[in-house]
>>> print(open('data-v1.json').read())   # JSON, C-alpha atoms
[["chain", "number", "residue", "atom", "x", "y", "z"],
["A", 426, "MET", "CA", -21.96, 38.05, 58.07],
["A", 427, "PRO", "CA", -20.64, 37.52, 54.53],
["A", 428, "SER", "CA", -20.76, 33.99, 53.17],
["A", 429, "PRO", "CA", -17.40, 32.23, 53.24],
["A", 430, "LEU", "CA", -18.47, 30.49, 50.03],
["A", 431, "ALA", "CA", -18.08, 33.71, 48.03],
["A", 432, "ALA", "CA", -14.34, 33.71, 48.72],
["A", 433, "LEU", "CA", -13.80, 30.17, 47.42],
["A", 434, "SER", "CA", -12.47, 29.43, 43.95],
["A", 435, "LYS", "CA", -14.41, 27.22, 41.52],
["A", 436, "ASP", "CA", -12.09, 24.30, 42.32],
["A", 437, "GLU", "CA", -12.56, 24.85, 46.05],
["A", 438, "LEU", "CA", -16.34, 24.97, 45.62],
["A", 439, "LEU", "CA", -16.29, 21.72, 43.64],
["A", 440, "ALA", "CA", -14.15, 20.09, 46.35],
["A", 441, "LEU", "CA", -16.61, 21.35, 48.97],
["A", 442, "VAL", "CA", -19.56, 19.88, 47.07],
["A", 443, "GLU", "CA", -17.79, 16.52, 47.00],
["A", 444, "CYS", "CA", -17.01, 16.82, 50.72],
["A", 445, "LEU", "CA", -20.65, 17.62, 51.52],
["A", 446, "ALA", "CA", -21.83, 14.69, 49.40],
["A", 447, "LYS", "CA", -19.47, 12.34, 51.27],
["A", 448, "ASN", "CA", -20.79, 13.79, 54.55],
["A", 449, "MET", "CA", -24.36, 12.95, 53.44],
["A", 450, "VAL", "CA", -23.37, 9.33, 52.73],
["A", 451, "ALA", "CA", -21.61, 9.15, 56.10],
["A", 452, "LEU", "CA", -24.63, 10.64, 57.90],
["A", 453, "ASP", "CA", -26.92, 8.13, 56.21],
["A", 454, "GLY", "CA", -24.60, 5.27, 57.15],
["A", 455, "VAL", "CA", -24.19, 6.33, 60.78],
["A", 456, "TRP", "CA", -27.94, 6.83, 61.15],
["A", 457, "PHE", "CA", -28.73, 3.48, 59.53],
["A", 458, "GLN", "CA", -26.16, 1.56, 61.59],
["A", 459, "ALA", "CA", -27.54, 3.09, 64.80],
["A", 460, "CYS", "CA", -31.05, 1.91, 63.82],
["A", 461, "GLU", "CA", -29.70, -1.47, 62.77],
["A", 462, "LYS", "CA", -27.89, -1.93, 66.11],
["A", 463, "SER", "CA", -30.83, -0.69, 68.19],
["A", 464, "ASP", "CA", -33.80, -2.24, 66.41],
["A", 465, "GLY", "CA", -32.44, -4.82, 63.94],
["A", 466, "MET", "CA", -32.11, -4.90, 60.19],
["A", 467, "ASP", "CA", -35.83, -5.23, 59.37],
["A", 468, "LYS", "CA", -36.84, -2.13, 61.35],
["A", 469, "ALA", "CA", -33.83, -0.17, 60.07],
["A", 470, "MET", "CA", -34.75, -1.09, 56.49],
["A", 471, "ALA", "CA", -38.37, -0.01, 56.97],
["A", 472, "LEU", "CA", -37.26, 3.36, 58.34],
["A", 473, "ASP", "CA", -34.60, 3.76, 55.65],
["A", 474, "GLU", "CA", -37.13, 3.08, 52.90],
["A", 475, "ALA", "CA", -39.55, 5.64, 54.35],
["A", 476, "VAL", "CA", -36.84, 8.29, 54.75],
["A", 477, "TRP", "CA", -35.40, 7.83, 51.25],
["A", 478, "GLY", "CA", -38.83, 7.79, 49.66],
["A", 479, "ARG", "CA", -39.49, 11.23, 51.11],
["A", 480, "PHE", "CA", -36.02, 12.80, 50.96],
["A", 481, "ALA", "CA", -35.25, 11.83, 47.34],
["A", 482, "PHE", "CA", -38.51, 13.39, 46.16],
["A", 483, "LEU", "CA", -37.70, 16.67, 47.92],
["A", 484, "GLU", "CA", -34.10, 16.61, 46.65],
["A", 485, "ALA", "CA", -35.30, 16.11, 43.07],
["A", 486, "ARG", "CA", -37.83, 18.96, 43.34],
["A", 487, "ARG", "CA", -35.04, 21.30, 44.45],
["A", 488, "PHE", "CA", -32.83, 20.19, 41.55],
["A", 489, "LYS", "CA", -35.74, 20.61, 39.16],
["A", 490, "ALA", "CA", -36.11, 24.22, 40.28],
["A", 491, "PHE", "CA", -32.34, 24.79, 40.25],
["A", 492, "LEU", "CA", -32.10, 23.48, 36.68],
["A", 493, "LYS", "CA", -35.22, 25.43, 35.66],
["A", 494, "LEU", "CA", -36.76, 22.29, 34.19],
["A", 495, "PRO", "CA", -40.31, 22.42, 32.81],
["A", 496, "GLU", "CA", -43.15, 20.71, 34.68],
["A", 497, "GLN", "CA", -42.81, 17.47, 32.72],
["A", 498, "PRO", "CA", -39.22, 17.31, 31.46],
["A", 499, "GLY", "CA", -39.32, 13.55, 30.89],
["A", 500, "LEU", "CA", -36.23, 11.39, 30.86],
["A", 501, "ALA", "CA", -34.16, 14.29, 29.50],
["A", 502, "GLY", "CA", -34.81, 16.18, 32.73],
["A", 503, "LEU", "CA", -33.94, 13.14, 34.82],
["A", 504, "ARG", "CA", -30.71, 12.81, 32.83],
["A", 505, "GLN", "CA", -29.80, 16.38, 33.88],
["A", 506, "ALA", "CA", -30.76, 15.93, 37.54],
["A", 507, "LEU", "CA", -29.33, 12.49, 38.40],
["A", 508, "PRO", "CA", -25.67, 13.64, 38.26],
["A", 509, "LEU", "CA", -26.50, 16.23, 40.96],
["A", 510, "HIS", "CA", -27.84, 13.58, 43.37],
["A", 511, "PHE", "CA", -25.22, 13.28, 46.10],
["A", 512, "ASN", "CA", -24.86, 9.52, 45.59],
["A", 513, "SER", "CA", -23.94, 10.25, 41.96],
["A", 514, "ILE", "CA", -21.25, 12.65, 43.13],
["A", 515, "VAL", "CA", -19.52, 10.23, 45.52],
["A", 516, "ASN", "CA", -19.95, 6.99, 43.57],
["A", 517, "GLU", "CA", -18.63, 6.13, 40.15],
["A", 518, "ALA", "CA", -21.78, 6.07, 38.00],
["A", 519, "GLU", "CA", -22.88, 6.14, 34.39],
["A", 520, "MET", "CA", -26.05, 6.66, 32.38],
["A", 521, "VAL", "CA", -26.86, 4.84, 29.16],
["A", 522, "ASP", "CA", -29.87, 4.82, 26.87],
["A", 523, "ASP", "CA", -31.62, 1.53, 26.15],
["A", 524, "ALA", "CA", -32.58, 0.75, 22.57],
["A", 525, "ASP", "CA", -36.24, 1.22, 23.58],
["A", 526, "GLY", "CA", -35.65, 4.76, 24.88],
["A", 527, "ALA", "CA", -35.34, 3.93, 28.58],
["A", 528, "LEU", "CA", -32.62, 5.55, 30.68],
["A", 529, "VAL", "CA", -30.39, 3.14, 32.60],
["A", 530, "PHE", "CA", -28.46, 4.50, 35.58],
["A", 531, "ARG", "CA", -25.61, 2.31, 36.84],
["A", 532, "THR", "CA", -23.59, 2.75, 40.02],
["A", 533, "ILE", "CA", -20.26, 1.12, 39.23],
["A", 534, "THR", "CA", -18.74, 1.40, 42.70],
["A", 535, "CYS", "CA", -20.71, 1.99, 45.90],
["A", 536, "ARG", "CA", -19.23, 3.72, 48.94],
["A", 537, "VAL", "CA", -21.87, 2.20, 51.24],
["A", 538, "GLN", "CA", -21.07, -1.40, 50.32],
["A", 539, "GLN", "CA", -17.33, -0.68, 50.32],
["A", 540, "ALA", "CA", -17.56, 0.80, 53.83],
["A", 541, "ARG", "CA", -19.58, -2.14, 55.15],
["A", 542, "SER", "CA", -17.04, -4.55, 53.63],
["A", 543, "ARG", "CA", -14.15, -2.65, 55.25],
["A", 544, "GLN", "CA", -15.93, -2.94, 58.62],
["A", 545, "ASP", "CA", -16.56, -6.69, 58.14],
["A", 546, "MET", "CA", -20.30, -6.04, 58.08],
["A", 547, "PRO", "CA", -22.75, -7.87, 55.83],
["A", 548, "TRP", "CA", -23.73, -5.97, 52.71],
["A", 549, "HIS", "CA", -26.65, -3.59, 52.98],
["A", 550, "PRO", "CA", -29.70, -5.20, 51.30],
["A", 551, "CYS", "CA", -30.38, -1.95, 49.51],
["A", 552, "ARG", "CA", -32.71, -3.04, 46.70],
["A", 553, "PRO", "CA", -36.00, -1.94, 48.39],
["A", 554, "VAL", "CA", -34.46, 1.28, 49.69],
["A", 555, "GLY", "CA", -32.85, 2.03, 46.33],
["A", 556, "LEU", "CA", -36.16, 1.42, 44.59],
["A", 557, "ALA", "CA", -37.90, 3.83, 46.99],
["A", 558, "GLU", "CA", -35.09, 6.39, 46.56],
["A", 559, "TYR", "CA", -34.78, 6.31, 42.78],
["A", 560, "SER", "CA", -38.54, 6.02, 42.18],
["A", 561, "ALA", "CA", -39.21, 9.06, 44.38],
["A", 562, "PHE", "CA", -36.33, 11.01, 42.81],
["A", 563, "ALA", "CA", -37.68, 10.28, 39.33],
["A", 564, "ARG", "CA", -41.23, 11.30, 40.33],
["A", 565, "GLY", "CA", -39.82, 14.51, 41.78],
["A", 566, "ILE", "CA", -38.52, 15.36, 38.32],
["A", 567, "ASP", "CA", -41.56, 14.13, 36.38],
["A", 568, "GLU", "CA", -44.46, 12.21, 37.92],
["A", 569, "ARG", "CA", -44.73, 10.08, 34.77],
["A", 570, "ILE", "CA", -41.29, 8.49, 35.20],
["A", 571, "ARG", "CA", -41.18, 4.95, 36.56],
["A", 572, "CYS", "CA", -38.16, 3.13, 37.97],
["A", 573, "GLU", "CA", -37.35, -0.53, 38.14],
["A", 574, "ALA", "CA", -34.37, -2.30, 39.65],
["A", 575, "ILE", "CA", -32.25, -4.16, 37.14],
["A", 576, "SER", "CA", -29.60, -5.28, 39.59],
["A", 577, "CYS", "CA", -29.18, -4.39, 43.25],
["A", 578, "TYR", "CA", -28.11, -6.38, 46.29],
["A", 579, "PRO", "CA", -29.40, -8.86, 47.30],
["A", 580, "VAL", "CA", -30.68, -9.57, 43.76],
["A", 581, "ILE", "CA", -27.60, -9.17, 41.56],
["A", 582, "THR", "CA", -28.17, -9.76, 37.85],
["A", 583, "ASP", "CA", -25.21, -7.69, 36.61],
["A", 584, "SER", "CA", -21.88, -8.24, 38.35],
["A", 585, "SER", "CA", -20.22, -5.40, 36.41],
["A", 586, "CYS", "CA", -21.79, -2.78, 38.69],
["A", 587, "ALA", "CA", -22.98, -2.29, 42.27],
["A", 588, "CYS", "CA", -26.53, -1.57, 41.13],
["A", 589, "SER", "CA", -28.49, -0.50, 38.09],
["A", 590, "TRP", "CA", -31.88, 1.13, 37.60],
["A", 591, "ARG", "CA", -34.07, 1.48, 34.53],
["A", 592, "PHE", "CA", -36.24, 4.58, 34.07],
["A", 593, "THR", "CA", -39.15, 4.76, 31.65],
["A", 594, "LEU", "CA", -41.85, 7.28, 30.90],
["A", 595, "ALA", "CA", -45.29, 5.89, 31.76],
["A", 596, "ALA", "CA", -47.74, 5.77, 28.89],
["A", 597, "ASN", "CA", -50.56, 6.86, 31.19],
["A", 598, "ASN", "CA", -50.11, 10.49, 32.25],
["A", 599, "SER", "CA", -52.76, 10.37, 34.96],
["A", 600, "VAL", "CA", -50.82, 9.89, 38.19],
["A", 601, "THR", "CA", -52.57, 11.02, 41.35],
["A", 602, "SER", "CA", -51.06, 12.15, 44.62],
["A", 603, "ALA", "CA", -53.02, 9.33, 46.29],
["A", 604, "GLU", "CA", -50.56, 6.92, 44.64],
["A", 605, "HIS", "CA", -47.69, 8.71, 46.40],
["A", 606, "PRO", "CA", -49.10, 10.23, 49.60],
["A", 607, "ALA", "CA", -45.68, 11.11, 51.07],
["A", 608, "GLU", "CA", -45.04, 13.45, 48.15],
["A", 609, "ALA", "CA", -48.50, 15.05, 48.38],
["A", 610, "ARG", "CA", -47.58, 16.91, 51.55],
["A", 611, "PRO", "CA", -45.83, 20.28, 51.28]]
>>> encode(input="data-v1.json", output="structure tokens")
Amino acid sequence: MPSPLAALSKDELLALVECLAKNMVALDGVWFQACEKSDGMDKAMALDEAVWGRFAFLEARRFKAFLKLPEQPGLAGLRQALPLHFNSIVNEAEMVDDADGALVFRTITCRVQQARSRQDMPWHPCRPVGLAEYSAFARGIDERIRCEAISCYPVITDSSCACSWRFTLAANNSVTSAEHPAEARP
């Protein structure tokens, strides 16, 4: 059967990518809310952190191959891959360089928090999950990249954005798979 994608125009393909990215956010939200309702916020957060730590690494490895990045592309490689991450597609985001060479990724508006607000739900305490997600994504691009949360609910230090993350290249290049066992598996 021929792929229906081949018949789509560039604009239609771009619209489809955005639709698929929104579907991923919706799937994540529905899954999380089911866990939250069934087992409570703490259990849902633990599962969410484990899932995002694994998924984001795999997603980044696929983007790394798609972009034909070298084995250690550094922050330049991360700068190319982050806009492809589905959360970057559906949320207003920006990247800026710190004076010290770090890459700062800021989500200006967040669909997850907007949806929870619309449903009169408390905000998702996403800082630990976001740290697992963005750390794993960065390591999937280059194992030397480290991520730290600058601002993310419930610890907001910058009210001009939903969250912000700072990426740096570790001075020590010797990172072992034992430090990140979830990523060591095929």
>>> closest_residue(input="data-v1.json", among="A:Val442, A:Met470, A:Val529, A:Ala574", to="Ile514 of chain A", atoms="all atoms listed in the file")
A:Val442
>>> atom_distance(input="data-v1.json", atom1="atom CA of Ile581 of chain A", atom2="atom CA of Cys551 of chain A")
11.1 Å
>>> axis_aligned_box(input="data-v1.json", around="segment 448-451 of chain A", padding_each_side="8 Å", output="lines of an AutoDock Vina configuration file")
center_x = -22.6
center_y = 11.5
center_z = 54.4
size_x = 19.6
size_y = 20.6
size_z = 19.4
>>> atom_distance(input="data-v1.json", atom1="atom CA of Glu517 of chain A", atom2="atom CA of Arg541 of chain A")
17.2 Å
>>> residues_around(input="data-v1.json", residues="Leu507 of chain A", least_positions_apart="3", cutoff="12 Å", atoms="only C-alpha atoms", output="PyMOL selection string")
chain A and resi 481+484-486+488-489+492+500-504+510-514+518-520+528-532+558-560+562-563+565-566+590+592
>>> atom_distance(input="data-v1.json", atom1="atom CA of Glu461 of chain A", atom2="atom CA of Thr582 of chain A")
26.3 Å
>>> residues_around(input="data-v1.json", residues="Gln538 of chain A", least_positions_apart="6", cutoff="12 Å", atoms="all atoms listed in the file", output="list of chain:residue names")
A:Val450, A:Gly454, A:Asn516, A:Thr532, A:Gln544, A:Asp545, A:Met546, A:Pro547, A:Trp548, A:His549, A:Pro550, A:Cys551, A:Cys577, A:Tyr578, A:Pro579, A:Cys586, A:Ala587, A:Cys588
